[in-house]
Amino acid sequence: MKHTLTALALAITFAGSTQAQTKTPLQYGAQTTEKRSDDAMQKWRSNRFGQFIHWGLYAIPGGVWNGKTYNYAAEFLKSSARIPTSTWDSLMYQFNPKEFDARAWAKMAKNMGARYMTITTKHHEGFCLWPSQYTSFHIGNTPFRRDILKELVEAYNAEGIDVNFYYSVLDWHHPDWRYDIQSPADSIAFRRFLTFAGNQLKELATNYPTVKAFWFDGTWDSSIKKNGWWTLEMEKMLKSVRPGMIVNSRLRADDFGKRHFDSNNQLMGDYESGYERRLPNAVKDVKVTQWDWEACMTVPENQWGYHRDWSVSHVKSPLELLEMLVHSTSMGGNFLLNFGPDGNGGFRKEELHIAKTIGNWMQQHGNVIWNCGYAGWEKQDWGYFTRQEGSAVVNMIVFNKPVSGLLKVKVPNNVKILTARSGNKAWKVEEIAKNEYYIHYTAKKMTGPEVIVLETEKAGQQGDKYQEAKT
Ligand code: FHN
């Protein structure tokens, strides 16, 4: 038996070293294998809740063209309604959002509890919300003229909110954009395109010095996948122009066109950004807590830009969205909730209601979200745990109260729960089995997700008070 075990151990060691030796050599793969721990990344992580804003020319038609409503995502109307580029681009001459008030937007985000905002500087249509010197397709050439990006950065920063820039590499306006490289001519054109995009990115990072992160999108086509070198070059360039800069995994492709995670399964960029309109499974996908990640979420099923008609899909309620925010925090991820302002610069009433409802809860309970993350405790059906790294205090956020009123909590070995409180109210804590407690949550009525704060301490080795069943 001893020999068999030794042989097994050797085999594992050998397999491990073979694996290490067969690591694919990469020029454009991951730059680090660990979570970033610098101040900028810690701030990004502690923010936890962000406001996503999709705003561009698509806000003018709002999903309706020549009297016909197209139910696919409003920002894709150009393609859904097969609108020629020149016709679409001339929407620029109508862009005049008279109600736009950057300070009011920033106040709304602040009251909602958002600690960062990510704005589409350029979406797939190619229109730029800043006066770029590398194209004439920008805000400065609309009747509105004002530098929307600058106003937003200033207003949000004045509220203490970090601003990040969404940038779509895919560009329907630019003549040199290619979906694939199939000829030398494509290759030459696409090189020009990459230079253009690189110039714009440098321009953004230089001219808006407080930008904290770049949120890349539209990077899934073969043309980009065949140019992994460029994605790494952009990551390095942005970080050298602005030390501490953060980039999402969507930017990156490695030498073999592998995206997000390189051919050695290492995360590229600073955080994983593949969770779109979905969240990791809180029980099965605990591995995602090993790296930073962010989920982005729409209010209707799949509308990012303003669409006039939200009647065709489920529209998420404030409580559903709040639960997603808590769920994300409990798994060590950020939650980026999308808003699509209309062509006048106003928000839909549903979005205002969501911001207000979430904000009311965050004003009371934001401290179980900001600076918090994965608690390391087994998830239970009543809701989620969060905690500040290293703290002995664990937060329970209760969404589903069992009819018994008994909330089960399973603690790791040698951890003891001392108290359970919601504000001034203390709940009875009952130890019921080895590493298991009930919190007697006797509240008559829940008015929203309840926060129960557990004070814990490290306990010594437990004796044999609880015997395993002999079966
Ligand atoms: O096509 C876009 C979509 O319009 C939106 O911008 C989302 C946000 O994550 N990204 C793309 C789809 O993945």
# chains A, B, ... in the order shown; residues from 1 in each chain; ligands from 1
$ closest_atom_pairs --of "chain A" --to "ligand 1" --cutoff "8 Å" --atoms "only C-alpha atoms and all ligand atoms" --output "tab-separated table"
residue	atom	partner	partner_atom_place_in_ligand_line	distance
A:His54	CA	ligand 1	6 (O)	7.1
A:Ala73	CA	ligand 1	4 (O)	6.9
A:Glu75	CA	ligand 1	4 (O)	5.9
A:Phe76	CA	ligand 1	4 (O)	6.9
A:Thr120	CA	ligand 1	6 (O)	8.0
A:His123	CA	ligand 1	6 (O)	6.8
A:His124	CA	ligand 1	1 (O)	7.3
A:Ser168	CA	ligand 1	6 (O)	7.9
A:Asp217	CA	ligand 1	10 (N)	5.9
A:Gly218	CA	ligand 1	11 (C)	6.4
A:Glu276	CA	ligand 1	9 (O)	5.8
A:Cys296	CA	ligand 1	9 (O)	6.2
A:Met297	CA	ligand 1	9 (O)	7.8
A:Gln303	CA	ligand 1	4 (O)	7.6
A:Trp304	CA	ligand 1	5 (C)	5.8
A:Gly305	CA	ligand 1	4 (O)	7.3
$ closest_atom_pairs --of "stretch 320-400 of chain A" --to "stretch 108-112 of chain A" --cutoff "6 Å" --atoms "only C-alpha atoms" --output "tab-separated table"
residue	atom	partner	partner_atom	distance
A:Ala355	CA	A:Met112	CA	5.0
A:Ile358	CA	A:Met112	CA	5.8
A:Gly359	CA	A:Met112	CA	3.6
$ write_last_selection --atoms "N, CA and C atoms" --output "mmCIF file, in the first residue's frame"
data_model
loop_
_atom_site.group_PDB
_atom_site.id
_atom_site.type_symbol
_atom_site.label_atom_id
_atom_site.label_comp_id
_atom_site.auth_asym_id
_atom_site.auth_seq_id
_atom_site.Cartn_x
_atom_site.Cartn_y
_atom_site.Cartn_z
ATOM 1 N N ALA A 355 -32.945 53.783 -9.718
ATOM 2 C CA ALA A 355 -31.845 54.505 -9.051
ATOM 3 C C ALA A 355 -32.275 54.931 -7.652
ATOM 4 N N ILE A 358 -32.780 51.646 -5.253
ATOM 5 C CA ILE A 358 -31.489 51.068 -4.846
ATOM 6 C C ILE A 358 -30.763 52.052 -3.934
ATOM 7 N N GLY A 359 -30.844 53.333 -4.298
ATOM 8 C CA GLY A 359 -30.159 54.378 -3.525
ATOM 9 C C GLY A 359 -30.661 54.434 -2.083
#
$ atom_distance --atom1 "atom CA of A:Gly50" --atom2 "atom CA of A:Thr33"
25.7 Å
$ residues_around --residues "A:Thr456" --least-positions-apart "2" --cutoff "8 Å" --atoms "only C-alpha atoms" --output "ChimeraX atom specification"
/A:392-394,415-419,454,458
$ select_by_dssp --residues "stretch 180-398 of chain A" --states "alpha helix (DSSP H)" --output "MDAnalysis selection string"
chainID A and resid 184:207 222:225 228:241 318:330 349:365
$ atom_distance --atom1 "atom CA of A:Val312" --atom2 "atom CA of A:Asn71"
7.4 Å
$ residues_around --residues "A:Pro243" --least-positions-apart "3" --cutoff "12 Å" --atoms "only C-alpha atoms" --output "PyMOL selection string"
chain A and resi 38-41+205-206+209-213+235-240+246-247
$ write_last_selection --atoms "C-alpha atoms" --output "PDB file, in the first residue's frame"
ATOM      1  CA  ASP A  38      -1.894  48.333  -5.938  1.00  0.00           C
ATOM      2  CA  ASP A  39      -3.978  51.271  -4.667  1.00  0.00           C
ATOM      3  CA  ALA A  40      -5.716  51.895  -7.999  1.00  0.00           C
ATOM      4  CA  MET A  41      -6.915  48.311  -8.252  1.00  0.00           C
ATOM      5  CA  ALA A 205      -5.981  58.860 -21.649  1.00  0.00           C
ATOM      6  CA  THR A 206      -4.040  62.088 -22.141  1.00  0.00           C
ATOM      7  CA  PRO A 209      -6.284  62.568 -16.922  1.00  0.00           C
ATOM      8  CA  THR A 210      -8.572  61.348 -14.136  1.00  0.00           C
ATOM      9  CA  VAL A 211      -9.842  58.379 -16.150  1.00  0.00           C
ATOM     10  CA  LYS A 212      -9.373  55.276 -14.036  1.00  0.00           C
ATOM     11  CA  ALA A 213     -10.075  52.392 -16.400  1.00  0.00           C
ATOM     12  CA  GLU A 235      -2.665  47.660 -22.435  1.00  0.00           C
ATOM     13  CA  LYS A 236       0.963  48.724 -22.003  1.00  0.00           C
ATOM     14  CA  MET A 237       0.487  52.114 -23.652  1.00  0.00           C
ATOM     15  CA  LEU A 238      -2.483  53.056 -21.435  1.00  0.00           C
ATOM     16  CA  LYS A 239      -0.604  51.955 -18.339  1.00  0.00           C
ATOM     17  CA  SER A 240       2.414  53.981 -19.283  1.00  0.00           C
ATOM     18  CA  ILE A 246      -7.057  49.332 -15.314  1.00  0.00           C
ATOM     19  CA  VAL A 247      -8.161  47.436 -18.438  1.00  0.00           C
TER      20      VAL A 247
END
$ select_by_dssp --residues "stretch 313-425 of chain A" --states "strand (DSSP E or B)" --output "MDAnalysis selection string"
chainID A and resid 333:339 372:373 383:388 393:398 406:410 415:422 425
$ residues_around --residues "A:Asn334" --least-positions-apart "2" --cutoff "12 Å" --atoms "only C-alpha atoms" --output "PyMOL selection string"
chain A and resi 42-52+114-117+271-273+275-276+279-280+288-289+291-297+324-332+336-337+369-374
$ residues_around --residues "A:Val299" --least-positions-apart "4" --cutoff "12 Å" --atoms "only C-alpha atoms" --output "count of residues only"
34
$ residues_around --residues "A:Ala158" --least-positions-apart "3" --cutoff "9 Å" --atoms "only C-alpha atoms" --output "ChimeraX atom specification"
/A:103,106,153-155,161
